[in-house]
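Here's the structure, in structure tokens; my notes come after.
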Amino acid sequence: MDVPYNGDPDRVEPVSGAAQRLDTLRLAGLKVGVLTNQSGVGRSMISEAQMHAVNARVDELLGPFDGWFICPHAPEVDCDCRKPKPKLVLDAAQQWGFDPSEIVVIGDKASDVEAAHNAGSAAIKIGGACDLASAVDRVLTGRI
Ligand SMILES: [Zn+2]
């Protein structure tokens, strides 16, 4: 569930079945990371400590993740990392020693898809008929 600008770890509530889906990817030997715009920090709506507490809770419920790639900046800062810019995707590729074309970004926003494409990576947009289960299935079967 998407709680905008969430600063409360107790409000982290994974989508049903998400943990199992992510474990399926891990068991297949894939790296799984989180690429996230968290502008609530840059907008001073939540503190950096709150952000880390929320992310730690996400990691506890859905992790372990092979990497967290975070843009904490407000949009008006015009930083290099805020999706749809490709930096978070490129950072993941570099950290894992992959070519960006080997990365698939699964996201529910147009900016996720654009960030992937701007990096030279593939993307699967969650929404409508495509849920996380079918996205994971597409990754594992190469139907991207
Ligand atoms: Zn940024």
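Ordering of the structure tokens sets the chain letters (A, B, ...); residue numbers start at 1 within each chain; ligands are numbered from 1 in the order shown.
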Sorted by chain and rising residue number, list the residues of chain A at most 8 Å from ligand 1 (counting only C-alpha atoms and all ligand atoms), each with its closest atom pair and distance in Å to one decimal, as a Markdown table.
| residue | atom | partner | partner_atom_place_in_ligand_line | distance |
| --- | --- | --- | --- | --- |
| A:Asn37 | CA | ligand 1 | 1 (Zn) | 7.4 |
| A:Ile70 | CA | ligand 1 | 1 (Zn) | 7.4 |
| A:Cys71 | CA | ligand 1 | 1 (Zn) | 3.9 |
| A:Pro72 | CA | ligand 1 | 1 (Zn) | 5.5 |
| A:His73 | CA | ligand 1 | 1 (Zn) | 4.5 |
| A:Ala74 | CA | ligand 1 | 1 (Zn) | 7.4 |
| A:Pro75 | CA | ligand 1 | 1 (Zn) | 7.9 |
| A:Val77 | CA | ligand 1 | 1 (Zn) | 7.8 |
| A:Asp78 | CA | ligand 1 | 1 (Zn) | 7.4 |
| A:Cys79 | CA | ligand 1 | 1 (Zn) | 4.6 |
| A:Asp80 | CA | ligand 1 | 1 (Zn) | 5.6 |
| A:Cys81 | CA | ligand 1 | 1 (Zn) | 4.0 |
| A:Arg82 | CA | ligand 1 | 1 (Zn) | 4.4 |
(message) Give me, as a PyMOL selection string, all polymer residues having an atom no more than 12 Å from A:His52, counting only C-alpha atoms and skipping those fewer than 2 positions away in the same chain.
(response) chain A and resi 6-9+38+41+46-50+54-59+68+70+72
Could the residues in this selection be written to a file with C-alpha atoms, as a compact mmCIF listing (two decimals), in the first residue's frame?
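Ended up saving to again-v1.txt:
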# COMPACT_ATOMS: atom_id res chain seq x y z
CA ASN A 6 5.15 7.95 5.32
CA GLY A 7 7.33 8.59 8.37
CA ASP A 8 5.78 5.88 10.54
CA PRO A 9 7.24 2.34 10.41
CA GLN A 38 11.61 9.88 -1.02
CA VAL A 41 12.80 14.26 3.37
CA ILE A 46 9.65 13.57 7.38
CA SER A 47 13.10 13.43 8.94
CA GLU A 48 15.96 11.38 7.62
CA ALA A 49 15.71 9.24 10.78
CA GLN A 50 12.03 8.57 10.04
CA VAL A 54 10.43 3.17 7.55
CA ASN A 55 12.98 1.66 5.16
CA ALA A 56 14.24 -0.66 7.91
CA ARG A 57 10.68 -1.86 8.43
CA VAL A 58 10.28 -2.46 4.68
CA ASP A 59 13.55 -4.40 4.73
CA TRP A 68 18.65 0.63 -1.54
CA ILE A 70 17.26 6.55 -2.70
CA PRO A 72 15.75 12.12 -0.82
(message) Give me, as a list in words, all polymer residues having an atom no more than 7 Å from A:Ile103, counting only C-alpha atoms and skipping those fewer than 3 positions away in the same chain.
(response)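 Selected residues are Pro100, Ser121 and Ala122 of chain A.
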Would you give me, as a PDB file with C-alpha atoms, in the first residue's frame, the residues in chain A that DSSP reads as strand (DSSP E or B)?
ATOM      1  CA  GLY A  33      16.889  -3.741  -4.923  1.00  0.00           C
ATOM      2  CA  VAL A  34      14.722  -0.790  -4.021  1.00  0.00           C
ATOM      3  CA  LEU A  35      14.841   2.355  -6.151  1.00  0.00           C
ATOM      4  CA  THR A  36      12.829   5.084  -4.527  1.00  0.00           C
ATOM      5  CA  ASN A  37      12.112   8.798  -4.631  1.00  0.00           C
ATOM      6  CA  GLY A  67      20.619  -2.479  -2.385  1.00  0.00           C
ATOM      7  CA  TRP A  68      18.651   0.633  -1.545  1.00  0.00           C
ATOM      8  CA  PHE A  69      18.926   3.455  -4.048  1.00  0.00           C
ATOM      9  CA  ILE A  70      17.255   6.555  -2.699  1.00  0.00           C
ATOM     10  CA  CYS A  71      16.643  10.078  -3.942  1.00  0.00           C
ATOM     11  CA  VAL A 104      14.349  -4.826 -15.098  1.00  0.00           C
ATOM     12  CA  VAL A 105      12.606  -2.078 -13.157  1.00  0.00           C
ATOM     13  CA  ILE A 106       9.203  -3.046 -11.755  1.00  0.00           C
ATOM     14  CA  GLY A 107       7.235   0.015 -10.743  1.00  0.00           C
ATOM     15  CA  ALA A 122      13.657  -2.725 -19.289  1.00  0.00           C
ATOM     16  CA  ALA A 123      10.579  -1.869 -17.259  1.00  0.00           C
ATOM     17  CA  ILE A 124       7.325  -3.497 -16.236  1.00  0.00           C
ATOM     18  CA  LYS A 125       4.538  -1.247 -15.023  1.00  0.00           C
ATOM     19  CA  GLY A 127      -1.314  -1.658 -12.559  1.00  0.00           C
ATOM     20  CA  CYS A 130      -0.466  -6.578 -14.316  1.00  0.00           C
TER      21      CYS A 130
END
(request) Go through A:Arg143, A:Tyr5, A:Thr24, A:Asp137 one by one, measure the shortest atom-to-atom distance of each to A:Ser44 using only C-alpha atoms, and give the residue with the smallest value. (result) A:Tyr5
(message) If you run DSSP on the backbone here, which positions in stretch 29-87 of chain A get helix (DSSP H, G or I)? Please write them as a count of residues only.
(response) 23
